Amino acid sequence: MDKSIMQEENVAAALTPEQKAAEQERIVKGIAAELGLPHSKVKSAVGLLDEGNTIPFIARYRKEMTGELDENELRSIEERLAYRRNLEERKREVLRLIGEQGKLTPELEQAVVAAVKLQEVEDLYRPYRQKRKTRASVARERGLEPLANWLLSQPRQGEPLTEARRYINEELGVTTAEEALQGAMDIVAEGLADDARIRAWVRKFTADQGSIRSEVRQAGAESVYEMYYDYREPLRKLPPHRTLAMNRGEREEVLRVALDIPAERIHDYISRHTLRQGTAQAIKDTLNAVIEDAYKRLIAPSIEREVRAEMTEKAEEHAIGIFSANLRSLLLQPPVRGHVVLGVDPAFRTGCKLAVVDATGKLLEVAVSYPTPPNNKVAEAERIIGGLLDKYKVTLIVIGNGTASRETESFIADLIRKRGDGLKYIIVNEAGASVYSASKLAQEEFPSLDVAERSAVSIARRLQDPLAELVKIEPKAIGVGQYQHDVSQKRLGETLGGVVESAVNHVGVDVNTASASLLSYVAGINATTAKNIVKHRDETGSFASRKELQKVPRLGAKTYEQCIGFIRIPEAANPLDRTPIHPESYGFVDKLFRELKIGLESIGSDSAREQLASADIAALAAAIGVGEPTLRDIVESLMRPGRDPREELAAPVFHQDVLAIEDLQPGMELQGTVRNVIDFGAFVDIGIKNDGLVHISQLSNRFVKHPMDVVSVGDVVTVWVLNVDLKKGRVGLTMRQPSASQ
């Protein structure tokens with residue numbers, strides 16, 4: 001939106017209760033139609049959101065009210081609700097501003113009220129918006145608007161220059177008929193450029209029929225944008241990642257990017273929209289010249305900016321969606337429990353920082369070794385690391401995948417071979433570890449460690465419990481997307497924050513071990529309350545029941561209602577406090593057990609599980625007086641108390657030996673872990689320096705619309721080597737099993 005719009009005084013008349021209700025109903029109907037959801041579900045969701053309920057809480061504990069809308073649907077409703085309320089507010093403001101000019105007609109008011117997009121409202125307001133000095137405004141000051149109106153009246157007789165002589169006025173700066181006519185033409189051109197109907201048609205035509213063209217600014221220059229040095233593609237076919245790539249190349253002044261539009265068809269449309277039958281030929285010729293000028297000088301530049309901005313917005317939303325899905329998969333990777341872990345933050349000159357943590361993630365010792373170039377102190381590194389392995393009975397080594405990762409891996413693999421004790425290692429994505437290690441949070445957690453030592457601790461812990469460790473890092477610093485630096489950082493941050501919130505509440509949080517960072521993502525809990533929980537825990541000891549959280553300062557009734565279902569207390573006397581069952585439903589559990597004639601103490605037993613599995617949910621729900629969705633969730637929670645949903649996913653692949661790219665041959669079968677999913681395929685870690693690429697065409701024997709339909713970050717997959725480029729260090733992989741004949 002134009003900055004001048006945003007700077008206008010935004011004072012709208014207060015709505016009456018009746019008007020508010022009518023507007024709310026209009027908004028709900030619009031959202032329901034836009035998202036293809038039942039009106040009643042949307043209305044309930046909007047009501048719950050307006051009451052201050054969080055999305056995880058609504059999705060989990062208000063299923064009867066929303067008809068079991070899931071989190072994605074609720075987030076879409078929340079987003080569209082904000083947009084449409086902003087739209088309604090802008091409509092009121094525009095109507096007020098036009099009305100104050102005395103130019104608001106019933107037809108214009110109806111058009112503004114009926115608009116469903118902000119762009120439509122701005123198009124309608126455009127002719128009435130205060131503008132900076134333009135050629136048309138100067139012409140009006142010189143008294144040439146009547147001449148412009150004469151042209152627009154399109155008389156059957158007359159000659160423009162002859163009529164223009166009447167407007168020569170040296171005092172106003174009009175010294176010739178040609179100057180007068182040009183001024184009038186400028187006024188008409190601006191009017192055409194401000195016509196909402198013309199702009200809407202040209203905008204759609206440009207998006208549907210236009211092409212984007214890019215060329216290199218400096219011939220012979222090498223860059224990552226070489227495929228765009230002489231490139232052209234219809235806008236309607238341009239994939240999102242190419243939009244962002246061209247934008248970046250243009251921003252870095254490597255590319256020139258422009259739109260090619262069939263201007264003749266636009267001229268024809270405006271002519272049909274503007275010219276009338278029987279108009280004098282000389283006037284018609286003048287108006288055709290005006291139409292050409294209006295499009296070239298006024299309409300095309302702004303419409304092309306708007307179309308490219310809309311393309312960019314859609315591409316950004318797509319990229320953010322990819323990042324979000326990858327981040328959720330990464331956060332929900334299964335924890336690797338029960339291991340004493342040696343975390344290694346690789347480096348060349350400054351050495352590999354080492355951190356040993358116990359099975360709970362508690363730091364035991366830090367050290368540094370120099371097995372990589374330029375130091376090459378291999379024997380010393382073997383002694384230092386071997387000493388740590390023996391001293392703490394380390395069962396797993398975790399190596400970050402940054403600088404010197406593969407050189408460090410080669411050293412570790414060789415050390416494991418020499419020891420012969422079955423020790424294994426794994427390489428993990430260390431994205432964001434350096435961000436965390438330099439943060440205030442890391443300084444508070446490990447004040448005596450340097451940045452690289454903190455990073456080694458983070459690398460070790462992110463295998464033990466990826467979710468608990470990764471929540472300490474700003475989500476957008478975790479590199480599992482594409483073009484994340486090219487999108488709106490505010491929008492990216494908001495969306496990824498929602499992803500982390502969703503993942504944390506999906507898993508649930510042990511309130512007696514969780515960090516303040518983790519607790520701050522629990523529904524309803526903010527950073528201050530999270531710190532208060534940890535402080536209360538440190539001062540008074542572990543929480544013995546969910547009820548005890550009500551004693552935490554600034555944790556009020558609403559916050560308690562929102563968060564408590566996602567809080568777990570594994571050692572609680574009441575076994576329900578260990579489950580996702582909300583305390584508001586404890587009474588229903590009592591009734592359920594009476595109906596089934598089982599006791600609370602039998603939760604988790606085989607007999608109780610069998611009874612619950614065979615229960616008639618519909619009949620029990622009616623007998624107990626609870627909704628079927630809520631009862632289904634209760635029964636599922638009782639059948640598997642303490643279940644961590646992440647543990648159902650495949651465990652990561654551990655290694656004992658290193659694989660070099662030179663070892664690979666086409667057709668070789670390998671196990672790998674998906675590290676990143678993007679529009680054109682998936683990158684898979686197969687244990688060499690660079691991840692191999694499975695192109696979208698190689699993901700399956702069937703047609704794949706998007707890679708995310710087949711794989712997710714963290715998936716353990718079987719791949720076959722397709723091709724190897726030793727010079728570029730690239731490996732092409734396939735998930736389509738080669739036939740025996742191949």
# chains A, B, ... in the order shown; residues from 1 in each chain; ligands from 1

$ closest_atom_pairs --of "range 278-360 of chain A" --to "range 465-470 of chain A" --cutoff "9 Å" --atoms "only C-alpha atoms" --output "JSON lines"
{"residue": "A:Leu330", "atom": "CA", "partner": "A:Pro466", "partner_atom": "CA", "distance": 7.5}
{"residue": "A:Leu331", "atom": "CA", "partner": "A:Leu467", "partner_atom": "CA", "distance": 4.8}
{"residue": "A:Leu332", "atom": "CA", "partner": "A:Leu467", "partner_atom": "CA", "distance": 6.5}
{"residue": "A:Gln333", "atom": "CA", "partner": "A:Pro466", "partner_atom": "CA", "distance": 6.4}
{"residue": "A:Pro334", "atom": "CA", "partner": "A:Asp465", "partner_atom": "CA", "distance": 7.4}
{"residue": "A:Pro335", "atom": "CA", "partner": "A:Asp465", "partner_atom": "CA", "distance": 4.5}
{"residue": "A:Val336", "atom": "CA", "partner": "A:Asp465", "partner_atom": "CA", "distance": 6.7}
{"residue": "A:Arg337", "atom": "CA", "partner": "A:Asp465", "partner_atom": "CA", "distance": 7.7}

$ write_last_selection --atoms "N, CA and C atoms" --output "PDB file, in the first residue's frame"
ATOM      1  N   LEU A 330      11.520 -31.080  11.748  1.00  0.00           N
ATOM      2  CA  LEU A 330      12.783 -31.076  12.492  1.00  0.00           C
ATOM      3  C   LEU A 330      12.526 -31.044  13.998  1.00  0.00           C
ATOM      4  N   LEU A 331      11.592 -30.203  14.433  1.00  0.00           N
ATOM      5  CA  LEU A 331      11.287 -30.085  15.857  1.00  0.00           C
ATOM      6  C   LEU A 331      10.730 -31.387  16.425  1.00  0.00           C
ATOM      7  N   LEU A 332      10.017 -32.124  15.588  1.00  0.00           N
ATOM      8  CA  LEU A 332       9.367 -33.342  16.069  1.00  0.00           C
ATOM      9  C   LEU A 332      10.192 -34.599  15.802  1.00  0.00           C
ATOM     10  N   GLN A 333      11.495 -34.409  15.543  1.00  0.00           N
ATOM     11  CA  GLN A 333      12.361 -35.573  15.413  1.00  0.00           C
ATOM     12  C   GLN A 333      12.385 -36.344  16.728  1.00  0.00           C
ATOM     13  N   PRO A 334      12.444 -37.666  16.651  1.00  0.00           N
ATOM     14  CA  PRO A 334      12.406 -38.447  17.898  1.00  0.00           C
ATOM     15  C   PRO A 334      13.624 -38.182  18.765  1.00  0.00           C
ATOM     16  N   PRO A 335      13.438 -38.010  20.056  1.00  0.00           N
ATOM     17  CA  PRO A 335      14.582 -37.839  20.957  1.00  0.00           C
ATOM     18  C   PRO A 335      15.378 -39.133  21.053  1.00  0.00           C
ATOM     19  N   VAL A 336      16.681 -39.009  21.185  1.00  0.00           N
ATOM     20  CA  VAL A 336      17.542 -40.184  21.369  1.00  0.00           C
ATOM     21  C   VAL A 336      17.923 -40.214  22.845  1.00  0.00           C
ATOM     22  N   ARG A 337      17.237 -41.038  23.595  1.00  0.00           N
ATOM     23  CA  ARG A 337      17.373 -41.035  25.052  1.00  0.00           C
ATOM     24  C   ARG A 337      18.379 -42.092  25.524  1.00  0.00           C
TER      25      ARG A 337
END

$ closest_atom_pairs --of "range 415-500 of chain A" --to "range 665-685 of chain A" --cutoff "10 Å" --atoms "only C-alpha atoms" --output "JSON lines"
{"residue": "A:Ile427", "atom": "CA", "partner": "A:Asp685", "partner_atom": "CA", "distance": 8.9}
{"residue": "A:Val428", "atom": "CA", "partner": "A:Arg675", "partner_atom": "CA", "distance": 9.2}
{"residue": "A:Asn429", "atom": "CA", "partner": "A:Arg675", "partner_atom": "CA", "distance": 7.7}
{"residue": "A:Gly479", "atom": "CA", "partner": "A:Asn676", "partner_atom": "CA", "distance": 8.6}
{"residue": "A:Val480", "atom": "CA", "partner": "A:Asn676", "partner_atom": "CA", "distance": 5.5}
{"residue": "A:Gly481", "atom": "CA", "partner": "A:Ile678", "partner_atom": "CA", "distance": 6.8}
{"residue": "A:Gln482", "atom": "CA", "partner": "A:Ile678", "partner_atom": "CA", "distance": 6.5}
{"residue": "A:Tyr483", "atom": "CA", "partner": "A:Ile678", "partner_atom": "CA", "distance": 9.9}

$ write_last_selection --atoms "N, CA and C atoms" --output "PDB file, in the first residue's frame"
ATOM      1  N   ILE A 427      26.056 -37.202  12.352  1.00  0.00           N
ATOM      2  CA  ILE A 427      26.218 -35.779  12.045  1.00  0.00           C
ATOM      3  C   ILE A 427      24.848 -35.127  12.107  1.00  0.00           C
ATOM      4  N   VAL A 428      24.746 -34.009  12.828  1.00  0.00           N
ATOM      5  CA  VAL A 428      23.468 -33.313  12.955  1.00  0.00           C
ATOM      6  C   VAL A 428      23.572 -31.918  12.348  1.00  0.00           C
ATOM      7  N   ASN A 429      22.432 -31.405  11.950  1.00  0.00           N
ATOM      8  CA  ASN A 429      22.365 -30.046  11.416  1.00  0.00           C
ATOM      9  C   ASN A 429      22.602 -29.073  12.566  1.00  0.00           C
ATOM     10  N   GLY A 479      18.188 -23.332   9.593  1.00  0.00           N
ATOM     11  CA  GLY A 479      18.145 -23.300   8.124  1.00  0.00           C
ATOM     12  C   GLY A 479      17.550 -24.521   7.470  1.00  0.00           C
ATOM     13  N   VAL A 480      16.234 -24.624   7.460  1.00  0.00           N
ATOM     14  CA  VAL A 480      15.576 -25.760   6.799  1.00  0.00           C
ATOM     15  C   VAL A 480      14.535 -25.262   5.805  1.00  0.00           C
ATOM     16  N   GLY A 481      14.874 -24.221   5.069  1.00  0.00           N
ATOM     17  CA  GLY A 481      13.944 -23.701   4.077  1.00  0.00           C
ATOM     18  C   GLY A 481      14.680 -23.341   2.811  1.00  0.00           C
ATOM     19  N   GLN A 482      14.060 -22.500   2.000  1.00  0.00           N
ATOM     20  CA  GLN A 482      14.728 -21.966   0.830  1.00  0.00           C
ATOM     21  C   GLN A 482      14.344 -20.495   0.719  1.00  0.00           C
ATOM     22  N   TYR A 483      15.319 -19.669   0.419  1.00  0.00           N
ATOM     23  CA  TYR A 483      15.102 -18.234   0.256  1.00  0.00           C
ATOM     24  C   TYR A 483      14.523 -17.591   1.519  1.00  0.00           C
TER      25      TYR A 483
END

$ residues_around --residues "Leu144 in chain A" --least-positions-apart "2" --cutoff "9 Å" --atoms "only C-alpha atoms" --output "list of chain:residue names"
A:Ala139, A:Arg140, A:Glu141, A:Arg142, A:Pro146, A:Leu147, A:Ala148, A:Asn149, A:Ala164, A:Tyr167, A:Ala180, A:Leu181, A:Gly183, A:Ala184, A:Ile187

$ closest_residue --among "A:Ile661, A:Ala544, A:Gln218, A:Glu561" --to "Gly52 in chain A" --atoms "only C-alpha atoms"
A:Glu561

$ select_by_dssp --residues "range 431-644 of chain A" --states "strand (DSSP E)" --output "ChimeraX atom specification"
/A:509-510,567-568

$ write_last_selection --atoms "N, CA and C atoms" --output "PDB file, in the first residue's frame"
ATOM      1  N   VAL A 509       4.818 -30.751  27.731  1.00  0.00           N
ATOM      2  CA  VAL A 509       6.031 -30.299  28.413  1.00  0.00           C
ATOM      3  C   VAL A 509       6.053 -30.793  29.859  1.00  0.00           C
ATOM      4  N   ASP A 510       7.168 -31.396  30.226  1.00  0.00           N
ATOM      5  CA  ASP A 510       7.396 -31.783  31.629  1.00  0.00           C
ATOM      6  C   ASP A 510       7.779 -30.516  32.382  1.00  0.00           C
ATOM      7  N   ILE A 567       0.704 -29.278  30.010  1.00  0.00           N
ATOM      8  CA  ILE A 567       1.717 -29.461  31.052  1.00  0.00           C
ATOM      9  C   ILE A 567       1.657 -30.899  31.556  1.00  0.00           C
ATOM     10  N   ARG A 568       2.808 -31.514  31.700  1.00  0.00           N
ATOM     11  CA  ARG A 568       2.880 -32.884  32.217  1.00  0.00           C
ATOM     12  C   ARG A 568       3.674 -32.894  33.523  1.00  0.00           C
TER      13      ARG A 568
END

$ select_by_dssp --residues "range 459-679 of chain A" --states "helix (DSSP H, G or I)" --output "number ranges by chain"
A: 459-464, 466-470, 475-477, 484-486, 489-507, 516-519, 527-540, 546-551, 557-566, 575-578, 583-596, 600-602, 606-613, 617-624, 628-639, 645-648, 661-663

$ closest_residue --among "A:Cys352, A:Asp195, A:Leu172, A:Ala573" --to "Glu601 in chain A" --atoms "only C-alpha atoms"
A:Ala573

$ atom_distance --atom1 "CA of Asn326 in chain A" --atom2 "CA of Ile688 in chain A"
21.7 Å

$ closest_residue --among "A:Ser712, A:Ser302, A:Ser542, A:Asn375" --to "Asp194 in chain A" --atoms "only C-alpha atoms"
A:Ser302

$ residues_around --residues "Val626 in chain A" --least-positions-apart "2" --cutoff "12 Å" --atoms "only C-alpha atoms" --output "VMD selection string"
chain A and resid 61 to 64 584 to 589 591 to 592 617 to 624 628 to 634

$ write_last_selection --atoms "C-alpha atoms" --output "mmCIF file, in the first residue's frame"
data_model
loop_
_atom_site.group_PDB
_atom_site.id
_atom_site.type_symbol
_atom_site.label_atom_id
_atom_site.label_comp_id
_atom_site.auth_asym_id
_atom_site.auth_seq_id
_atom_site.Cartn_x
_atom_site.Cartn_y
_atom_site.Cartn_z
ATOM 1 C CA TYR A 61 -10.051 -28.823 24.002
ATOM 2 C CA ARG A 62 -12.909 -27.099 22.161
ATOM 3 C CA LYS A 63 -13.544 -29.603 19.383
ATOM 4 C CA GLU A 64 -17.282 -29.779 19.971
ATOM 5 C CA GLU A 584 -11.797 -29.653 33.315
ATOM 6 C CA SER A 585 -12.421 -33.212 32.040
ATOM 7 C CA TYR A 586 -11.280 -35.093 35.152
ATOM 8 C CA GLY A 587 -14.904 -35.420 36.226
ATOM 9 C CA PHE A 588 -15.749 -37.089 32.911
ATOM 10 C CA VAL A 589 -12.894 -39.558 33.482
ATOM 11 C CA LYS A 591 -17.786 -41.106 35.170
ATOM 12 C CA LEU A 592 -16.117 -43.112 32.407
ATOM 13 C CA ILE A 617 -17.670 -44.087 22.349
ATOM 14 C CA ALA A 618 -21.048 -42.833 21.172
ATOM 15 C CA ALA A 619 -22.976 -44.650 23.903
ATOM 16 C CA LEU A 620 -20.504 -43.690 26.618
ATOM 17 C CA ALA A 621 -20.467 -40.044 25.538
ATOM 18 C CA ALA A 622 -24.247 -39.903 25.850
ATOM 19 C CA ALA A 623 -24.176 -41.602 29.238
ATOM 20 C CA ILE A 624 -21.428 -39.388 30.621
ATOM 21 C CA GLU A 628 -17.661 -37.663 21.346
ATOM 22 C CA PRO A 629 -14.475 -35.866 20.145
ATOM 23 C CA THR A 630 -13.491 -35.056 23.729
ATOM 24 C CA LEU A 631 -14.199 -38.604 24.866
ATOM 25 C CA ARG A 632 -12.168 -40.047 21.995
ATOM 26 C CA ASP A 633 -9.205 -37.914 23.081
ATOM 27 C CA ILE A 634 -9.670 -38.955 26.718
#

$ closest_residue --among "A:Arg417, A:Lys558, A:Arg640, A:Arg90" --to "Thr54 in chain A" --atoms "only C-alpha atoms"
A:Lys558

$ residues_around --residues "Ser607 in chain A" --least-positions-apart "3" --cutoff "12 Å" --atoms "only C-alpha atoms" --output "list in words"
Leu596, Lys597, Ile598, Gly599, Glu601, Ser602, Ile603, Gly604, Glu610, Gln611, Leu612, Ala613, Ser614, Leu638 and Met639 of chain A

$ closest_residue --among "A:Gly432, A:Gly498, A:Gly386, A:Gly420" --to "Ala477 in chain A" --atoms "only C-alpha atoms"
A:Gly432

$ residues_around --residues "range 262-275 of chain A" --least-positions-apart "3" --cutoff "9 Å" --atoms "only C-alpha atoms" --output "MDAnalysis selection string"
chainID A and resid 152 154 192 198 201:202 205:206 209:210 279 284 287:288 291:292 295:296

$ atom_distance --atom1 "CA of Glu159 in chain A" --atom2 "CA of Ala282 in chain A"
5.9 Å

$ closest_atom_pairs --of "range 60-137 of chain A" --to "range 45-48 of chain A" --cutoff "9 Å" --atoms "only C-alpha atoms" --output "Markdown table"
| residue | atom | partner | partner_atom | distance |
| --- | --- | --- | --- | --- |
| A:Arg62 | CA | A:Leu48 | CA | 8.9 |
| A:Met65 | CA | A:Ala45 | CA | 7.7 |
| A:Thr66 | CA | A:Ala45 | CA | 5.8 |
| A:Leu69 | CA | A:Ala45 | CA | 8.4 |
| A:Leu74 | CA | A:Ala45 | CA | 7.1 |
| A:Ile77 | CA | A:Val46 | CA | 7.5 |
| A:Glu78 | CA | A:Val46 | CA | 7.5 |
| A:Leu81 | CA | A:Val46 | CA | 7.7 |

$ closest_residue --among "A:Ala452, A:Val694, A:Ile397, A:Val522" --to "Val731 in chain A" --atoms "only C-alpha atoms"
A:Val694

$ residues_around --residues "Arg203 in chain A" --least-positions-apart "6" --cutoff "12 Å" --atoms "only C-alpha atoms" --output "count of residues only"
24

$ decode --residues "range 171-199 of chain A" --atoms "C-alpha atoms" --output "PDB file, in the first residue's frame"
ATOM      1  CA  GLU A 171      -1.164  34.840 -16.709  1.00  0.00           C
ATOM      2  CA  LEU A 172      -1.791  31.169 -15.922  1.00  0.00           C
ATOM      3  CA  GLY A 173       1.195  30.033 -18.002  1.00  0.00           C
ATOM      4  CA  VAL A 174      -0.731  28.754 -21.030  1.00  0.00           C
ATOM      5  CA  THR A 175       0.910  30.496 -23.992  1.00  0.00           C
ATOM      6  CA  THR A 176      -0.135  28.267 -26.924  1.00  0.00           C
ATOM      7  CA  ALA A 177      -3.026  26.065 -28.017  1.00  0.00           C
ATOM      8  CA  GLU A 178      -0.644  23.105 -28.055  1.00  0.00           C
ATOM      9  CA  GLU A 179       0.179  23.691 -24.363  1.00  0.00           C
ATOM     10  CA  ALA A 180      -3.505  23.947 -23.527  1.00  0.00           C
ATOM     11  CA  LEU A 181      -4.359  20.749 -25.379  1.00  0.00           C
ATOM     12  CA  GLN A 182      -1.453  18.848 -23.805  1.00  0.00           C
ATOM     13  CA  GLY A 183      -2.595  19.937 -20.337  1.00  0.00           C
ATOM     14  CA  ALA A 184      -6.133  18.740 -21.045  1.00  0.00           C
ATOM     15  CA  MET A 185      -4.772  15.431 -22.356  1.00  0.00           C
ATOM     16  CA  ASP A 186      -2.765  15.013 -19.137  1.00  0.00           C
ATOM     17  CA  ILE A 187      -5.952  15.476 -17.097  1.00  0.00           C
ATOM     18  CA  VAL A 188      -7.801  12.859 -19.165  1.00  0.00           C
ATOM     19  CA  ALA A 189      -4.834  10.462 -18.975  1.00  0.00           C
ATOM     20  CA  GLU A 190      -4.765  10.678 -15.169  1.00  0.00           C
ATOM     21  CA  GLY A 191      -8.490  10.045 -15.053  1.00  0.00           C
ATOM     22  CA  LEU A 192      -8.086   6.876 -17.134  1.00  0.00           C
ATOM     23  CA  ALA A 193      -5.162   5.745 -14.969  1.00  0.00           C
ATOM     24  CA  ASP A 194      -7.301   6.208 -11.846  1.00  0.00           C
ATOM     25  CA  ASP A 195     -10.332   4.337 -13.212  1.00  0.00           C
ATOM     26  CA  ALA A 196     -10.898   1.352 -10.901  1.00  0.00           C
ATOM     27  CA  ARG A 197     -12.478  -0.800 -13.607  1.00  0.00           C
ATOM     28  CA  ILE A 198      -9.596  -0.214 -16.034  1.00  0.00           C
ATOM     29  CA  ARG A 199      -6.967  -0.899 -13.383  1.00  0.00           C
TER      30      ARG A 199
END
